[in-house]
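Shown here: data16.pdb, PDB, C-alpha atoms.
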```
ATOM      1  CA  MET H   1     -20.992   7.716  27.493
ATOM      2  CA  ALA H   2     -21.829   4.809  25.210
ATOM      3  CA  SER H   3     -24.069   2.068  26.501
ATOM      4  CA  LYS H   4     -22.723  -1.459  26.667
ATOM      5  CA  THR H   5     -23.896  -3.854  23.990
ATOM      6  CA  ASN H   6     -24.690  -7.492  24.507
ATOM      7  CA  PRO H   7     -21.930  -9.600  22.851
ATOM      8  CA  LEU H   8     -24.512 -11.599  20.910
ATOM      9  CA  ALA H   9     -26.190  -8.430  19.638
ATOM     10  CA  PHE H  10     -22.772  -7.044  18.716
ATOM     11  CA  LEU H  11     -21.938 -10.123  16.626
ATOM     12  CA  GLN H  12     -25.311  -9.858  14.889
ATOM     13  CA  GLN H  13     -24.606  -6.210  14.065
ATOM     14  CA  VAL H  14     -21.155  -7.098  12.743
ATOM     15  CA  ARG H  15     -22.621  -9.812  10.536
ATOM     16  CA  SER H  16     -25.300  -7.416   9.284
ATOM     17  CA  GLU H  17     -22.719  -4.743   8.424
ATOM     18  CA  THR H  18     -20.406  -7.296   6.787
ATOM     19  CA  SER H  19     -23.198  -8.352   4.438
ATOM     20  CA  LYS H  20     -23.452  -4.736   3.200
ATOM     21  CA  ILE H  21     -19.853  -4.692   1.966
ATOM     22  CA  THR H  22     -19.300  -4.889  -1.775
ATOM     23  CA  TRP H  23     -16.368  -7.278  -1.995
ATOM     24  CA  PRO H  24     -14.050  -7.040  -5.033
ATOM     25  CA  SER H  25     -14.085  -9.850  -7.538
ATOM     26  CA  ARG H  26     -11.088 -12.121  -8.041
ATOM     27  CA  ARG H  27     -10.292 -10.304 -11.294
ATOM     28  CA  GLU H  28     -10.379  -6.869  -9.605
ATOM     29  CA  THR H  29      -8.122  -8.139  -6.832
ATOM     30  CA  MET H  30      -5.601  -9.543  -9.320
ATOM     31  CA  ILE H  31      -5.560  -6.323 -11.370
ATOM     32  CA  SER H  32      -5.033  -4.230  -8.226
ATOM     33  CA  THR H  33      -2.248  -6.540  -7.056
ATOM     34  CA  VAL H  34      -0.424  -6.343 -10.391
ATOM     35  CA  MET H  35      -0.770  -2.562 -10.471
ATOM     36  CA  VAL H  36       0.682  -2.280  -6.959
ATOM     37  CA  LEU H  37       3.630  -4.482  -7.924
ATOM     38  CA  VAL H  38       4.289  -2.423 -11.074
ATOM     39  CA  MET H  39       4.203   0.801  -9.061
ATOM     40  CA  VAL H  40       6.584  -0.698  -6.478
ATOM     41  CA  VAL H  41       9.054  -1.551  -9.246
ATOM     42  CA  PHE H  42       8.809   1.965 -10.735
ATOM     43  CA  ALA H  43       9.189   3.588  -7.314
ATOM     44  CA  SER H  44      12.201   1.432  -6.430
ATOM     45  CA  LEU H  45      13.882   2.266  -9.748
ATOM     46  CA  PHE H  46      13.174   5.972  -9.261
ATOM     47  CA  PHE H  47      14.573   6.033  -5.721
ATOM     48  CA  PHE H  48      17.596   3.982  -6.758
ATOM     49  CA  ALA H  49      18.338   6.451  -9.571
ATOM     50  CA  ALA H  50      17.783   9.443  -7.280
ATOM     51  CA  ASP H  51      20.088   7.935  -4.653
ATOM     52  CA  GLN H  52      22.794   7.286  -7.223
ATOM     53  CA  LEU H  53      22.485  10.813  -8.611
ATOM     54  CA  ILE H  54      22.625  12.447  -5.188
ATOM     55  CA  GLY H  55      25.617  10.276  -4.250
ATOM     56  CA  TRP H  56      27.410  11.255  -7.447
ATOM     57  CA  ILE H  57      26.685  14.958  -6.901
ATOM     58  CA  LEU H  58      27.887  14.835  -3.290
ATOM     59  CA  SER H  59      31.050  12.939  -4.141
ATOM     60  CA  TYR H  60      31.798  15.437  -6.916
ATOM     61  CA  ALA H  61      31.050  18.412  -4.618
ATOM     62  CA  LEU H  62      33.245  17.037  -1.853
ATOM     63  CA  ASN H  63      36.040  16.094  -4.302
ATOM     64  CA  THR H  64      36.003  12.455  -3.253
ATOM     65  CA  GLY H  65      34.935  11.161  -6.659
ATOM     66  CA  ASN H  66      37.269   9.328  -8.996
TER      67      ASN H  66
END
```
Mind converting the file's structure to structure tokens?
Amino acid sequence: MASKTNPLAFLQQVRSETSKITWPSRRETMISTVMVLVMVVFASLFFFAADQLIGWILSYALNTGN
């Protein structure tokens, strides 16, 4: 069973660990954000196309298409 830590000691440990983190620069954050947005657009286009294709195939298979 873990021993209880003094709240003040805990906050000091948190601060110590936080100082060890290598934070990304503003430029790295912007590049990552843009890349995520680009991938979201590509994924949404892919899933839209797949949905349309599957819908077309099902409507053709079930003879409900025009």
Kindly list the centre and edge lengths in Å, rounded to one decimal, for the axis-aligned box that covers all listed atoms of region 22-39 of chain H plus 3 Å on each of its six sides, as JSON.
```
{"center_x": -7.5, "center_y": -5.7, "center_z": -6.6, "size_x": 29.6, "size_y": 18.9, "size_z": 15.6}
```
Q) What does the distance between CA of Ile31 (chain H) and CA of Ala49 (chain H) come to in Å, to one decimal place? A)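 Between CA of Ile31 (chain H) and CA of Ala49 (chain H) the gap works out to 27.2 Å.
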Q: Would you mind reading off the distance between CA of Met30 (chain H) and CA of Thr18 (chain H), one decimal, in Å?
A: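 According to the coordinates, CA of Met30 (chain H) and CA of Thr18 (chain H) are separated by 22.0 Å.
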